[in-house]
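Below you'll find the structure, written out as structure tokens, and then a few comments.
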Amino acid sequence: MTDAGAGRAAPAYPRTGTGSPPAGAVPRVAVVGANGHGRSHRRVIAALHAAGRLRLVALVDVRPIEEDPAAPVPDGAARHTDHREMLRTARPDVVVVCTPPHTHLPIALDVLAADADLLLEKPPVLSIAEHRELAAALDASGRACQVGFQALGSAALTELTDAVRAGRLGTVTGIATVAAWQRADAYYARAPWAGRRTLHGRPVLDGALANPLAHAVMQCLAVAEAAGSAPVEPTRVEVERYRVRPIEVDDTATLRVSSRSGPPILAAVTLAGEDFVAGEVIVTGTAGRAVLEYPTDRLLLPGDAGAREVPGRQGLLANLLDHRVNPAVPLIAPLARTAGFTAVLEAVTAAPEPTLLGGDLVAATGDGPERVLTVRGINRLLRRAADEGALLSELAVPWAVGPHRADLTAGGTAAGGS
């Protein structure tokens, strides 16, 4: 790791006693990791730039910047291949970091040392130790960090958690999520770190639980927080991981989280699904049941005739800009709110290599980079796991293996095994 204080940039505006920018100041924004998924951030930035809420001053990527008609690069915005050089020369007020997960911590520390606020893609870091290091740097810098769990800005999630707190479901006895997606072979060729457990000696963990379906787990943690009236502190994590390709991480998994407060959480997810299930958060209580389809913001509460779309999502970057102007405006996804997710992720990281599935159990469609592999019967099994709060091995699935178990100590570290 490099010295986080090296090349510390001067503030782009004079600080006030509250750490807020002067009234009327337009924040200077940069993006590190401007290609790939970074283009989605650039599209959000383009709209805010056009509205005069920010000024895009720099883009950083190790590859040439990809053009995007929906995210034009404004005149005067610099292009860099090194984030430290950008921090020294562009002096941004806010930096969006959308790089591979194993690079997040060193880049985030450099951003904070340059006196800038941070929008950090999920997962923010890969271990409890890294989480603590970043939290300490945040406290020392006085800056703000928003984590890219954009689904937390959903009005549908807020309505669900309000209903939980109001007792509309009675006592919540269980929270589950089920999702079934598909990924072609090309998905695992998208980057050197794709499908990898480690790269250059650093953990990567590009698995279903840690990356594409991390939002499903985080939504469950947000509901559990509402049910337990306290931040979720996992005490035990049980995980079963499977794969249908010679990758190093899971594409199919069941996960159960027990905590100090709040009900148990069960995640049943796959990237090798037979039919598409966008992602449901299922909350069961003594007085009823609720279902939130979190990617579409469709919500079913007790007493509803059917699921209905709850429009409205608050953008994470816009919320961060509001917080900079008025610190009384709370961040939607502050780093502290993701501590429980990091604890779960560390337990997943420590689990053995996923079990490889094959033979007649796995079906293939398509050719070349577009080939898709699916697990026969997986949608039915995942749905049953979510309904029963059970791991696949507890459902007498013949190909399932027993879980890796991690008991989390008071200090937040994991111990234990299969």
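Following the order of the structure tokens, first chain is A, next is B, and so on, with residues numbered from 1 inside each chain and ligands from 1 in the order they appear.
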With a cut-off of 12 Å, could you pull out the residues of range 133-220 of chain A touching range 26-43 of chain A and give me the nearest pair of atoms for each, distance in Å to one decimal, using only C-alpha atoms, ordered by chain and ascending number, as JSON lines?
```
{"residue": "A:Gly148", "atom": "CA", "partner": "A:His41", "partner_atom": "CA", "distance": 10.1}
{"residue": "A:Gln150", "atom": "CA", "partner": "A:His41", "partner_atom": "CA", "distance": 11.1}
{"residue": "A:Arg190", "atom": "CA", "partner": "A:Gly36", "partner_atom": "CA", "distance": 9.2}
{"residue": "A:Ala191", "atom": "CA", "partner": "A:Gly36", "partner_atom": "CA", "distance": 9.7}
{"residue": "A:Pro212", "atom": "CA", "partner": "A:His37", "partner_atom": "CA", "distance": 11.6}
```
What are the closest atom pairs, with distances in Å to one decimal, for each residue of range 199-312 of chain A lying within 9 Å of range 123-141 of chain A, using only C-alpha atoms, rows by chain and rising residue number, as a Markdown table?
```
| residue | atom | partner | partner_atom | distance |
| --- | --- | --- | --- | --- |
| A:Pro203 | CA | A:Leu126 | CA | 7.2 |
| A:Val204 | CA | A:Leu126 | CA | 7.7 |
| A:Leu205 | CA | A:Leu126 | CA | 8.2 |
| A:Ala210 | CA | A:Pro123 | CA | 6.9 |
| A:Asn211 | CA | A:Pro123 | CA | 7.1 |
| A:Ala214 | CA | A:Pro123 | CA | 7.7 |
```
Taking the chain letters and numbering used in this document, name the residues of range 199-332 of chain A that DSSP puts in strand (DSSP E or B), as an mmCIF file with N, CA and C atoms, in the first residue's frame.
```
data_model
loop_
_atom_site.group_PDB
_atom_site.id
_atom_site.type_symbol
_atom_site.label_atom_id
_atom_site.label_comp_id
_atom_site.auth_asym_id
_atom_site.auth_seq_id
_atom_site.Cartn_x
_atom_site.Cartn_y
_atom_site.Cartn_z
ATOM 1 N N LEU A 199 -6.001 -11.582 -6.627
ATOM 2 C CA LEU A 199 -5.223 -11.084 -7.756
ATOM 3 C C LEU A 199 -4.043 -10.310 -7.194
ATOM 4 N N ARG A 202 -3.907 -9.982 -3.465
ATOM 5 C CA ARG A 202 -4.975 -9.254 -2.776
ATOM 6 C C ARG A 202 -6.297 -9.977 -2.990
ATOM 7 N N PRO A 203 -7.179 -10.033 -1.982
ATOM 8 C CA PRO A 203 -8.493 -10.627 -2.189
ATOM 9 C C PRO A 203 -9.309 -9.812 -3.177
ATOM 10 N N PRO A 234 -23.555 -8.839 12.871
ATOM 11 C CA PRO A 234 -23.612 -10.286 12.676
ATOM 12 C C PRO A 234 -22.825 -11.036 13.745
ATOM 13 N N THR A 235 -23.429 -12.101 14.244
ATOM 14 C CA THR A 235 -22.748 -12.960 15.210
ATOM 15 C C THR A 235 -22.365 -14.301 14.605
ATOM 16 N N ARG A 236 -23.074 -14.699 13.565
ATOM 17 C CA ARG A 236 -22.743 -15.959 12.894
ATOM 18 C C ARG A 236 -23.120 -15.853 11.426
ATOM 19 N N VAL A 237 -22.242 -16.353 10.587
ATOM 20 C CA VAL A 237 -22.485 -16.407 9.148
ATOM 21 C C VAL A 237 -22.274 -17.837 8.685
ATOM 22 N N GLU A 238 -23.260 -18.381 7.974
ATOM 23 C CA GLU A 238 -23.172 -19.722 7.392
ATOM 24 C C GLU A 238 -23.349 -19.570 5.887
ATOM 25 N N VAL A 239 -22.451 -20.146 5.122
ATOM 26 C CA VAL A 239 -22.505 -19.946 3.672
ATOM 27 C C VAL A 239 -22.161 -21.235 2.935
ATOM 28 N N GLU A 240 -22.939 -21.501 1.885
ATOM 29 C CA GLU A 240 -22.657 -22.582 0.951
ATOM 30 C C GLU A 240 -22.493 -21.958 -0.429
ATOM 31 N N ARG A 241 -21.369 -22.266 -1.084
ATOM 32 C CA ARG A 241 -21.058 -21.631 -2.366
ATOM 33 C C ARG A 241 -20.827 -22.695 -3.442
ATOM 34 N N TYR A 242 -21.366 -22.428 -4.623
ATOM 35 C CA TYR A 242 -21.268 -23.351 -5.743
ATOM 36 C C TYR A 242 -20.905 -22.565 -7.007
ATOM 37 N N ARG A 243 -20.420 -23.305 -8.033
ATOM 38 C CA ARG A 243 -20.048 -22.681 -9.305
ATOM 39 C C ARG A 243 -20.270 -23.669 -10.423
ATOM 40 N N THR A 252 -23.526 -19.339 -7.448
ATOM 41 C CA THR A 252 -24.749 -19.805 -6.792
ATOM 42 C C THR A 252 -24.436 -19.973 -5.311
ATOM 43 N N ALA A 253 -25.343 -19.524 -4.444
ATOM 44 C CA ALA A 253 -25.019 -19.583 -3.016
ATOM 45 C C ALA A 253 -26.272 -19.469 -2.163
ATOM 46 N N THR A 254 -26.183 -20.073 -0.981
ATOM 47 C CA THR A 254 -27.117 -19.756 0.090
ATOM 48 C C THR A 254 -26.304 -19.279 1.285
ATOM 49 N N LEU A 255 -26.848 -18.300 1.960
ATOM 50 C CA LEU A 255 -26.145 -17.609 3.050
ATOM 51 C C LEU A 255 -27.138 -17.331 4.160
ATOM 52 N N ARG A 256 -26.735 -17.598 5.409
ATOM 53 C CA ARG A 256 -27.591 -17.261 6.547
ATOM 54 C C ARG A 256 -26.787 -16.425 7.532
ATOM 55 N N VAL A 257 -27.399 -15.339 7.976
ATOM 56 C CA VAL A 257 -26.752 -14.406 8.893
ATOM 57 C C VAL A 257 -27.580 -14.312 10.166
ATOM 58 N N SER A 258 -26.946 -14.560 11.298
ATOM 59 C CA SER A 258 -27.561 -14.330 12.602
ATOM 60 C C SER A 258 -26.905 -13.102 13.212
ATOM 61 N N SER A 259 -27.670 -12.335 13.997
ATOM 62 C CA SER A 259 -27.139 -11.080 14.526
ATOM 63 C C SER A 259 -27.537 -10.878 15.975
ATOM 64 N N ILE A 265 -31.336 -13.703 8.623
ATOM 65 C CA ILE A 265 -31.392 -13.360 7.197
ATOM 66 C C ILE A 265 -30.944 -14.569 6.402
ATOM 67 N N LEU A 266 -31.690 -14.875 5.338
ATOM 68 C CA LEU A 266 -31.329 -15.976 4.449
ATOM 69 C C LEU A 266 -31.274 -15.439 3.023
ATOM 70 N N ALA A 267 -30.133 -15.594 2.372
ATOM 71 C CA ALA A 267 -29.971 -15.195 0.975
ATOM 72 C C ALA A 267 -29.819 -16.436 0.122
ATOM 73 N N ALA A 268 -30.596 -16.509 -0.959
ATOM 74 C CA ALA A 268 -30.550 -17.636 -1.892
ATOM 75 C C ALA A 268 -30.453 -17.050 -3.295
ATOM 76 N N VAL A 269 -29.273 -17.122 -3.898
ATOM 77 C CA VAL A 269 -29.027 -16.379 -5.132
ATOM 78 C C VAL A 269 -28.251 -17.228 -6.141
ATOM 79 N N THR A 270 -28.400 -16.864 -7.418
ATOM 80 C CA THR A 270 -27.638 -17.544 -8.465
ATOM 81 C C THR A 270 -27.454 -16.633 -9.670
ATOM 82 N N ALA A 272 -26.860 -18.476 -12.405
ATOM 83 C CA ALA A 272 -27.083 -19.600 -13.329
ATOM 84 C C ALA A 272 -28.529 -20.049 -13.233
ATOM 85 N N GLY A 273 -29.450 -19.086 -13.210
ATOM 86 C CA GLY A 273 -30.857 -19.391 -13.036
ATOM 87 C C GLY A 273 -31.532 -19.875 -14.302
ATOM 88 N N GLU A 274 -32.553 -20.688 -14.119
ATOM 89 C CA GLU A 274 -33.342 -21.160 -15.267
ATOM 90 C C GLU A 274 -34.282 -20.069 -15.755
ATOM 91 N N ASP A 275 -34.903 -19.376 -14.847
ATOM 92 C CA ASP A 275 -35.798 -18.264 -15.161
ATOM 93 C C ASP A 275 -35.343 -17.051 -14.367
ATOM 94 N N PHE A 276 -35.615 -15.870 -14.899
ATOM 95 C CA PHE A 276 -35.128 -14.644 -14.283
ATOM 96 C C PHE A 276 -36.001 -14.250 -13.093
ATOM 97 N N VAL A 277 -35.369 -14.073 -11.951
ATOM 98 C CA VAL A 277 -36.002 -13.489 -10.765
ATOM 99 C C VAL A 277 -35.177 -12.264 -10.418
ATOM 100 N N ALA A 278 -35.762 -11.096 -10.562
ATOM 101 C CA ALA A 278 -35.001 -9.846 -10.453
ATOM 102 C C ALA A 278 -34.316 -9.698 -9.112
ATOM 103 N N GLY A 279 -35.002 -10.083 -8.058
ATOM 104 C CA GLY A 279 -34.463 -9.958 -6.705
ATOM 105 C C GLY A 279 -35.561 -9.540 -5.757
ATOM 106 N N GLU A 280 -35.931 -10.419 -4.863
ATOM 107 C CA GLU A 280 -37.003 -10.151 -3.908
ATOM 108 C C GLU A 280 -36.460 -10.169 -2.487
ATOM 109 N N VAL A 281 -36.919 -9.240 -1.686
ATOM 110 C CA VAL A 281 -36.672 -9.247 -0.246
ATOM 111 C C VAL A 281 -37.990 -9.612 0.414
ATOM 112 N N ILE A 282 -38.006 -10.723 1.108
ATOM 113 C CA ILE A 282 -39.228 -11.278 1.692
ATOM 114 C C ILE A 282 -39.141 -11.141 3.207
ATOM 115 N N VAL A 283 -40.097 -10.430 3.785
ATOM 116 C CA VAL A 283 -40.090 -10.166 5.226
ATOM 117 C C VAL A 283 -41.307 -10.847 5.828
ATOM 118 N N THR A 284 -41.079 -11.755 6.751
ATOM 119 C CA THR A 284 -42.151 -12.522 7.382
ATOM 120 C C THR A 284 -42.299 -12.095 8.839
ATOM 121 N N GLY A 285 -43.530 -11.792 9.226
ATOM 122 C CA GLY A 285 -43.795 -11.391 10.602
ATOM 123 C C GLY A 285 -44.991 -12.122 11.169
ATOM 124 N N GLY A 288 -48.105 -10.720 9.310
ATOM 125 C CA GLY A 288 -48.197 -10.616 7.856
ATOM 126 C C GLY A 288 -46.841 -10.756 7.190
ATOM 127 N N ARG A 289 -46.873 -10.608 5.871
ATOM 128 C CA ARG A 289 -45.698 -10.826 5.042
ATOM 129 C C ARG A 289 -45.592 -9.692 4.030
ATOM 130 N N ALA A 290 -44.362 -9.273 3.749
ATOM 131 C CA ALA A 290 -44.124 -8.229 2.762
ATOM 132 C C ALA A 290 -43.081 -8.713 1.770
ATOM 133 N N VAL A 291 -43.207 -8.253 0.525
ATOM 134 C CA VAL A 291 -42.239 -8.603 -0.513
ATOM 135 C C VAL A 291 -41.847 -7.331 -1.253
ATOM 136 N N LEU A 292 -40.562 -7.077 -1.322
ATOM 137 C CA LEU A 292 -40.022 -5.953 -2.086
ATOM 138 C C LEU A 292 -39.175 -6.503 -3.219
ATOM 139 N N GLU A 293 -39.558 -6.213 -4.466
ATOM 140 C CA GLU A 293 -38.703 -6.512 -5.605
ATOM 141 C C GLU A 293 -37.781 -5.300 -5.769
ATOM 142 N N ARG A 298 -41.013 -2.533 -6.683
ATOM 143 C CA ARG A 298 -42.374 -3.029 -6.526
ATOM 144 C C ARG A 298 -42.513 -3.619 -5.128
ATOM 145 N N LEU A 299 -43.579 -3.226 -4.427
ATOM 146 C CA LEU A 299 -43.724 -3.552 -3.010
ATOM 147 C C LEU A 299 -45.113 -4.128 -2.741
ATOM 148 N N LEU A 300 -45.144 -5.175 -1.951
ATOM 149 C CA LEU A 300 -46.392 -5.760 -1.468
ATOM 150 C C LEU A 300 -46.350 -5.765 0.046
ATOM 151 N N ARG A 308 -47.293 -3.187 -5.962
ATOM 152 C CA ARG A 308 -47.417 -1.897 -6.636
ATOM 153 C C ARG A 308 -46.048 -1.242 -6.687
ATOM 154 N N GLU A 309 -45.833 -0.481 -7.729
ATOM 155 C CA GLU A 309 -44.569 0.234 -7.852
ATOM 156 C C GLU A 309 -44.603 1.474 -6.969
ATOM 157 N N ARG A 313 -36.443 7.354 -6.303
ATOM 158 C CA ARG A 313 -35.148 6.947 -5.760
ATOM 159 C C ARG A 313 -34.294 8.189 -5.597
#
```
Inset, instruction - Assign secondary structure with DSSP using the backbone only, and return the residues of range 232-379 of chain A in helix (DSSP H, G or I) as a PyMOL selection string. - result: chain A and resi 316-325+335-350+359-361+368-370+378-379
Export of the given selection (N, CA, C and O atoms) as a tab-separated table (two decimals), in the first residue's frame:
```tsv
chain	number	residue	atom	x	y	z
A	316	LEU	N	-27.45	8.75	-4.93
A	316	LEU	CA	-26.41	8.81	-3.90
A	316	LEU	C	-25.51	10.03	-4.07
A	316	LEU	O	-25.10	10.64	-3.07
A	317	LEU	N	-25.18	10.38	-5.29
A	317	LEU	CA	-24.31	11.53	-5.50
A	317	LEU	C	-25.05	12.82	-5.15
A	317	LEU	O	-24.49	13.70	-4.49
A	318	ALA	N	-26.30	12.94	-5.59
A	318	ALA	CA	-27.08	14.13	-5.24
A	318	ALA	C	-27.23	14.26	-3.73
A	318	ALA	O	-27.14	15.37	-3.17
A	319	ASN	N	-27.44	13.13	-3.06
A	319	ASN	CA	-27.54	13.15	-1.59
A	319	ASN	C	-26.23	13.58	-0.95
A	319	ASN	O	-26.21	14.36	0.02
A	320	LEU	N	-25.11	13.13	-1.49
A	320	LEU	CA	-23.81	13.54	-0.97
A	320	LEU	C	-23.59	15.03	-1.17
A	320	LEU	O	-23.07	15.73	-0.27
A	321	LEU	N	-24.01	15.57	-2.31
A	321	LEU	CA	-23.89	17.01	-2.55
A	321	LEU	C	-24.74	17.79	-1.55
A	321	LEU	O	-24.31	18.83	-1.02
A	322	ASP	N	-25.95	17.29	-1.28
A	322	ASP	CA	-26.81	17.95	-0.28
A	322	ASP	C	-26.16	17.91	1.10
A	322	ASP	O	-26.21	18.89	1.86
A	323	HIS	N	-25.57	16.79	1.45
A	323	HIS	CA	-24.90	16.64	2.74
A	323	HIS	C	-23.72	17.59	2.87
A	323	HIS	O	-23.46	18.13	3.96
A	324	ARG	N	-23.01	17.82	1.77
A	324	ARG	CA	-21.87	18.75	1.81
A	324	ARG	C	-22.34	20.17	2.13
A	324	ARG	O	-21.69	20.90	2.88
A	325	VAL	N	-23.48	20.55	1.57
A	325	VAL	CA	-24.01	21.90	1.81
A	325	VAL	C	-24.57	22.01	3.22
A	325	VAL	O	-24.39	23.02	3.91
A	335	LEU	N	-20.46	4.98	5.29
A	335	LEU	CA	-19.62	3.80	5.51
A	335	LEU	C	-20.06	3.01	6.73
A	335	LEU	O	-20.09	1.77	6.70
A	336	ALA	N	-20.42	3.70	7.81
A	336	ALA	CA	-20.80	3.01	9.05
A	336	ALA	C	-21.98	2.07	8.84
A	336	ALA	O	-22.08	1.01	9.47
A	337	ARG	N	-22.89	2.43	7.92
A	337	ARG	CA	-24.07	1.61	7.69
A	337	ARG	C	-23.72	0.30	7.01
A	337	ARG	O	-24.51	-0.66	7.04
A	338	THR	N	-22.55	0.23	6.40
A	338	THR	CA	-22.16	-0.97	5.66
A	338	THR	C	-21.26	-1.89	6.47
A	338	THR	O	-20.75	-2.88	5.94
A	339	ALA	N	-21.08	-1.61	7.76
A	339	ALA	CA	-20.18	-2.44	8.57
A	339	ALA	C	-20.67	-3.89	8.64
A	339	ALA	O	-19.87	-4.83	8.58
A	340	GLY	N	-21.97	-4.09	8.78
A	340	GLY	CA	-22.51	-5.44	8.83
A	340	GLY	C	-22.26	-6.19	7.53
A	340	GLY	O	-21.93	-7.39	7.54
A	341	PHE	N	-22.40	-5.49	6.40
A	341	PHE	CA	-22.13	-6.13	5.11
A	341	PHE	C	-20.67	-6.55	5.02
A	341	PHE	O	-20.36	-7.64	4.53
A	342	THR	N	-19.77	-5.69	5.48
A	342	THR	CA	-18.34	-6.03	5.43
A	342	THR	C	-18.05	-7.26	6.28
A	342	THR	O	-17.25	-8.12	5.89
A	343	ALA	N	-18.69	-7.37	7.44
A	343	ALA	CA	-18.48	-8.54	8.29
A	343	ALA	C	-18.95	-9.81	7.59
A	343	ALA	O	-18.29	-10.86	7.64
A	344	VAL	N	-20.09	-9.73	6.91
A	344	VAL	CA	-20.58	-10.88	6.14
A	344	VAL	C	-19.61	-11.21	5.01
A	344	VAL	O	-19.27	-12.38	4.78
A	345	LEU	N	-19.15	-10.18	4.32
A	345	LEU	CA	-18.25	-10.39	3.19
A	345	LEU	C	-16.95	-11.05	3.63
A	345	LEU	O	-16.42	-11.94	2.94
A	346	GLU	N	-16.42	-10.65	4.78
A	346	GLU	CA	-15.19	-11.26	5.27
A	346	GLU	C	-15.39	-12.75	5.54
A	346	GLU	O	-14.51	-13.57	5.23
A	347	ALA	N	-16.55	-13.11	6.08
A	347	ALA	CA	-16.83	-14.53	6.33
A	347	ALA	C	-16.93	-15.30	5.01
A	347	ALA	O	-16.46	-16.44	4.91
A	348	VAL	N	-17.52	-14.69	4.00
A	348	VAL	CA	-17.61	-15.33	2.69
A	348	VAL	C	-16.21	-15.49	2.09
A	348	VAL	O	-15.87	-16.52	1.50
A	349	THR	N	-15.37	-14.48	2.27
A	349	THR	CA	-14.00	-14.52	1.76
A	349	THR	C	-13.24	-15.71	2.35
A	349	THR	O	-12.41	-16.33	1.67
A	350	ALA	N	-13.50	-15.99	3.62
A	350	ALA	CA	-12.77	-17.05	4.31
A	350	ALA	C	-13.30	-18.45	3.98
A	350	ALA	O	-12.67	-19.44	4.36
A	359	GLY	N	-21.95	-32.18	-15.04
A	359	GLY	CA	-22.71	-33.33	-15.49
A	359	GLY	C	-24.11	-32.96	-15.93
A	359	GLY	O	-24.35	-31.85	-16.45
A	360	ASP	N	-25.04	-33.86	-15.69
A	360	ASP	CA	-26.42	-33.63	-16.11
A	360	ASP	C	-27.09	-32.51	-15.32
A	360	ASP	O	-28.17	-32.03	-15.72
A	361	LEU	N	-26.50	-32.11	-14.21
A	361	LEU	CA	-27.09	-31.04	-13.39
A	361	LEU	C	-27.04	-29.69	-14.09
A	361	LEU	O	-27.88	-28.83	-13.84
A	368	GLY	N	-19.81	-19.85	-27.78
A	368	GLY	CA	-18.76	-18.85	-27.65
A	368	GLY	C	-18.95	-18.00	-26.41
A	368	GLY	O	-19.40	-18.48	-25.36
A	369	PRO	N	-18.63	-16.71	-26.53
A	369	PRO	CA	-18.73	-15.82	-25.36
A	369	PRO	C	-20.15	-15.69	-24.82
A	369	PRO	O	-20.34	-15.30	-23.67
A	370	GLU	N	-21.16	-16.02	-25.67
A	370	GLU	CA	-22.55	-15.87	-25.24
A	370	GLU	C	-23.12	-17.14	-24.62
A	370	GLU	O	-24.31	-17.22	-24.32
A	378	ILE	N	-32.74	-25.08	-10.14
A	378	ILE	CA	-32.20	-24.17	-9.12
A	378	ILE	C	-33.21	-23.13	-8.66
A	378	ILE	O	-33.25	-22.78	-7.48
A	379	ASN	N	-34.06	-22.65	-9.56
A	379	ASN	CA	-35.03	-21.63	-9.14
A	379	ASN	C	-35.97	-22.17	-8.07
A	379	ASN	O	-36.25	-21.50	-7.07
```
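When only C-alpha atoms are used to measure the gap to Ala287 in chain A, the shortest distance among A:Val73, A:Cys220, A:Val94, A:Ala166 belongs to A:Ala166.
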Inset, instruction - Fewer than 3 positions away in the same chain doesn't count, so skip those; otherwise give me all residues within 10 Å of Ser261 in chain A, counting only C-alpha atoms, as a ChimeraX atom specification. - result: /A:224-225,227-235,258,264
Inset, instruction - For each of A:Val172, A:Val362, A:Leu48, A:Ala113, take the minimum atom-to-atom distance to Arg91 in chain A, counting only C-alpha atoms, then give the residue where this is smallest. - result: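 Under the stated criterion, the closest residue is A:Ala113.
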Inset, instruction - One decimal, Å: what's the distance from CA of Arg183 in chain A over to CA of Ser154 in chain A, could you say? - result: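 If I compute the distance from CA of Arg183 in chain A to CA of Ser154 in chain A, I get 25.5 Å.
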Legend entry - Atom pair CA of Arg63 in chain A / CA of Thr81 in chain A: separation (Å):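 The value is 7.2 Å.
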Legend entry - Minimum-distance residue to Ala78 in chain A, chosen among A:Asp61, A:Asp250, A:Asp387, A:Asp93 (using only C-alpha atoms):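 Of A:Asp61, A:Asp250, A:Asp387, A:Asp93, the one nearest Ala78 in chain A is A:Asp61, counting only C-alpha atoms.
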Inset, instruction - Mind giving me the straight-line distance from CA of Val44 in chain A to CA of Leu209 in chain A in Å, one decimal? - result: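 Computing it gives 25.5 Å between the two atoms.
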Legend entry - Minimum-distance residue to Ala226 in chain A, chosen among A:Pro106, A:Gly195, A:Gly167, A:Pro246 (using only C-alpha atoms):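 For Ala226 in chain A, the nearest of the candidates is A:Gly167.
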Inset, instruction - Compare A:Leu157, A:Ala222, A:Val97, A:Leu59 by their minimum atom-to-atom distance to Pro295 in chain A, counting only C-alpha atoms, and give me the closest one. - result: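 Ranked by minimum distance to Pro295 in chain A, first place goes to A:Leu157.
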Legend entry - Among the residues A:Leu382, A:Ala144, A:Val178, A:Ala77, the one that comes closest to Arg55 in chain A [using only C-alpha atoms]: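 Residue with the minimum atom-to-atom distance to Arg55 in chain A: A:Ala77.
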Legend entry - Non-local contacts of His80 in chain A (8 Å; only C-alpha atoms; under 4 positions in same chain excluded) as a PyMOL selection string: chain A and resi 58-62+85-86
With N, CA and C atoms retained, export the selected residues as a JSON list (two decimals), in the first residue's frame.
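Wrote it out as out-v4.json, contents follow:
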```json
[["chain", "number", "residue", "atom", "x", "y", "z"],
["A", 58, "ALA", "N", -12.41, 15.94, -14.08],
["A", 58, "ALA", "CA", -11.40, 14.95, -14.45],
["A", 58, "ALA", "C", -11.99, 13.55, -14.50],
["A", 59, "LEU", "N", -11.43, 12.74, -15.41],
["A", 59, "LEU", "CA", -11.73, 11.32, -15.51],
["A", 59, "LEU", "C", -10.42, 10.56, -15.45],
["A", 60, "VAL", "N", -10.44, 9.42, -14.75],
["A", 60, "VAL", "CA", -9.24, 8.60, -14.60],
["A", 60, "VAL", "C", -9.55, 7.17, -15.00],
["A", 61, "ASP", "N", -8.70, 6.58, -15.83],
["A", 61, "ASP", "CA", -8.79, 5.16, -16.13],
["A", 61, "ASP", "C", -7.46, 4.72, -16.73],
["A", 62, "VAL", "N", -7.11, 3.46, -16.52],
["A", 62, "VAL", "CA", -5.85, 2.96, -17.07],
["A", 62, "VAL", "C", -5.96, 2.73, -18.57],
["A", 85, "GLU", "N", -1.92, 11.65, -9.70],
["A", 85, "GLU", "CA", -1.64, 12.82, -10.53],
["A", 85, "GLU", "C", -2.90, 13.68, -10.66],
["A", 86, "MET", "N", -4.05, 13.01, -10.85],
["A", 86, "MET", "CA", -5.30, 13.76, -10.94],
["A", 86, "MET", "C", -5.59, 14.53, -9.67]]
```
